[in-house]
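Down below is the structure, laid out as structure tokens.
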Amino acid sequence: MDAVSIETEEENEIVFNLVKKERLPYIWTSGRLCNFKGCEDREDLRPLEVLGWFWSASGVKVSPTNKKPEGWENQPWSQTGHFKRPQPDNAEFEINETTEACLAVLNNVYKDGIAWHDIGCYHTKAVLCEDNDQLLKYIAATNRGIIL
């Protein structure tokens with residue numbers, strides 16, 4: 001199990017519908033900003049707030065944040081936040097110098113419906129999980145005879 005990666009609009013709809021149905025205020029995903037050692041010299045991640053997001057569970061890059069993902073009808077990133085700016089906006093850095101390096105799905109927290117937001121990774125939130133093929137293969141390879 002790993003935190004959910006939202007790589008398609010269909011997966012996004014599933015997650016948004018679950019958040020709505022369960023009346024969850026917010027959830028963590030596996031979305032992560034590549035702001036750690038090894039990322040600083042990568043030109044393909046510049047500008048970081050636009051091109052530096054990826055799904056840590058799958059390693060797949062998140063589409064550029066300044067436009068809707070190719071083939072999607074809607075932009076999943078919120079158009080507002082704490083400072084009324086489109087997401088991701090790294091607002092907490094201006095408040096307490098904490099980088100907003102994790103991706104959460106928020107449920108109308110900023111009167112914006114259900115949408116993606118960059119958030120400081122220290123917050124306590126529910127985590128939506130999904131099976132991870134890479135982890136399942138590792139478990140099977142290191143535990144002969146296990147039934148998954």
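Letters for chains follow the order of the structure tokens (A, B, ...), residue numbers begin at 1 for each chain, and ligand numbers begin at 1 in the order shown.
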Could you pull out all residues of chain A with a DSSP call of strand (DSSP E) and give them as number ranges by chain? A: 2-3, 26-33, 53-55, 102-107, 114-119, 126-127, 129-130
Need the shell around Lys137 (chain A): protein/DNA/RNA residues with any atom at most 12 Å away, counting only C-alpha atoms. Skip same-chain ones fewer than 5 positions apart. Format as a ChimeraX atom specification? /A:1,131-132,142-144,146-148
Proximity to Asn90 (chain A) - best of A:Leu106, A:Ile139, A:Leu48, A:Ala57, only C-alpha atoms: A:Leu48
Given only C-alpha atoms, how would the per-residue table for region 51-119 of chain A near region 9-24 of chain A read, listing every residue at most 9 Å away with its closest atom pair and distance in Å to one decimal, sorted by chain and number, as CSV?
```
residue,atom,partner,partner_atom,distance
A:Pro69,CA,A:Glu9,CA,8.6
A:Gly71,CA,A:Glu9,CA,8.3
A:Trp72,CA,A:Glu9,CA,5.9
A:Glu73,CA,A:Glu9,CA,8.1
A:Asn74,CA,A:Glu9,CA,8.4
A:Pro76,CA,A:Asn12,CA,8.0
A:Val105,CA,A:Phe16,CA,7.9
A:Leu106,CA,A:Leu24,CA,8.3
A:Asn107,CA,A:Leu24,CA,6.8
A:Ile114,CA,A:Phe16,CA,6.4
A:Ala115,CA,A:Phe16,CA,7.9
```
Put those residues in a file: N, CA, C and O atoms, as an mmCIF file, in the first residue's frame.
```cif
data_model
loop_
_atom_site.group_PDB
_atom_site.id
_atom_site.type_symbol
_atom_site.label_atom_id
_atom_site.label_comp_id
_atom_site.auth_asym_id
_atom_site.auth_seq_id
_atom_site.Cartn_x
_atom_site.Cartn_y
_atom_site.Cartn_z
ATOM 1 N N PRO A 69 -3.992 19.221 -17.171
ATOM 2 C CA PRO A 69 -3.273 18.103 -17.786
ATOM 3 C C PRO A 69 -3.839 17.777 -19.169
ATOM 4 O O PRO A 69 -5.047 17.909 -19.411
ATOM 5 N N GLY A 71 -5.563 16.237 -22.112
ATOM 6 C CA GLY A 71 -6.680 15.309 -22.205
ATOM 7 C C GLY A 71 -7.696 15.430 -21.083
ATOM 8 O O GLY A 71 -8.732 14.772 -21.114
ATOM 9 N N TRP A 72 -7.428 16.252 -20.083
ATOM 10 C CA TRP A 72 -8.356 16.439 -18.978
ATOM 11 C C TRP A 72 -9.311 17.579 -19.315
ATOM 12 O O TRP A 72 -8.939 18.545 -19.984
ATOM 13 N N GLU A 73 -10.538 17.481 -18.825
ATOM 14 C CA GLU A 73 -11.500 18.566 -19.011
ATOM 15 C C GLU A 73 -11.281 19.707 -18.032
ATOM 16 O O GLU A 73 -11.600 20.853 -18.335
ATOM 17 N N ASN A 74 -10.772 19.385 -16.837
ATOM 18 C CA ASN A 74 -10.653 20.387 -15.787
ATOM 19 C C ASN A 74 -9.242 20.439 -15.207
ATOM 20 O O ASN A 74 -8.540 19.436 -15.176
ATOM 21 N N PRO A 76 -7.096 20.292 -12.088
ATOM 22 C CA PRO A 76 -7.326 19.782 -10.736
ATOM 23 C C PRO A 76 -6.800 20.701 -9.636
ATOM 24 O O PRO A 76 -7.286 20.648 -8.506
ATOM 25 N N VAL A 105 -5.673 16.812 -1.356
ATOM 26 C CA VAL A 105 -6.967 17.145 -1.944
ATOM 27 C C VAL A 105 -7.791 17.761 -0.827
ATOM 28 O O VAL A 105 -8.008 17.120 0.212
ATOM 29 N N LEU A 106 -8.208 19.001 -1.013
ATOM 30 C CA LEU A 106 -8.993 19.723 -0.015
ATOM 31 C C LEU A 106 -10.441 19.818 -0.474
ATOM 32 O O LEU A 106 -10.717 19.992 -1.667
ATOM 33 N N ASN A 107 -11.349 19.709 0.480
ATOM 34 C CA ASN A 107 -12.776 19.734 0.204
ATOM 35 C C ASN A 107 -13.368 21.092 0.587
ATOM 36 O O ASN A 107 -13.795 21.294 1.724
ATOM 37 N N ILE A 114 -13.775 20.799 -4.463
ATOM 38 C CA ILE A 114 -12.750 19.800 -4.171
ATOM 39 C C ILE A 114 -11.631 20.018 -5.169
ATOM 40 O O ILE A 114 -11.859 20.009 -6.383
ATOM 41 N N ALA A 115 -10.415 20.230 -4.659
ATOM 42 C CA ALA A 115 -9.306 20.589 -5.544
ATOM 43 C C ALA A 115 -7.965 20.245 -4.920
ATOM 44 O O ALA A 115 -7.861 20.027 -3.714
#
```
Which residues in region 15-109 of chain A does DSSP call alpha helix (DSSP H)? List them as JSON, numbers by chain. {"A": [15, 16, 17, 18, 19, 20, 21, 48, 49, 50, 51, 91, 92, 93, 94, 95, 96]}
Would you save the residues of that selection, restricted to C-alpha atoms, as a PDB file, in the first residue's frame?
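And here's selection17.pdb as it stands now:
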```pdb
ATOM      1  CA  VAL A  15     -10.831  10.393  -5.423  1.00  0.00           C
ATOM      2  CA  PHE A  16     -12.989  13.546  -5.589  1.00  0.00           C
ATOM      3  CA  ASN A  17     -16.189  11.462  -5.367  1.00  0.00           C
ATOM      4  CA  LEU A  18     -14.852   9.567  -2.336  1.00  0.00           C
ATOM      5  CA  VAL A  19     -13.872  12.819  -0.595  1.00  0.00           C
ATOM      6  CA  LYS A  20     -17.359  14.220  -1.303  1.00  0.00           C
ATOM      7  CA  LYS A  21     -19.260  11.042  -0.320  1.00  0.00           C
ATOM      8  CA  LEU A  48      10.048  23.985  -9.619  1.00  0.00           C
ATOM      9  CA  GLU A  49       6.527  25.120  -8.678  1.00  0.00           C
ATOM     10  CA  VAL A  50       5.354  24.312 -12.243  1.00  0.00           C
ATOM     11  CA  LEU A  51       7.427  21.297 -13.326  1.00  0.00           C
ATOM     12  CA  ALA A  91       1.824  30.082   0.944  1.00  0.00           C
ATOM     13  CA  GLU A  92       3.103  28.571   4.189  1.00  0.00           C
ATOM     14  CA  PHE A  93       6.633  29.648   3.335  1.00  0.00           C
ATOM     15  CA  GLU A  94       5.453  33.256   3.569  1.00  0.00           C
ATOM     16  CA  ILE A  95       3.722  32.496   6.880  1.00  0.00           C
ATOM     17  CA  ASN A  96       6.210  30.278   8.737  1.00  0.00           C
TER      18      ASN A  96
END
```
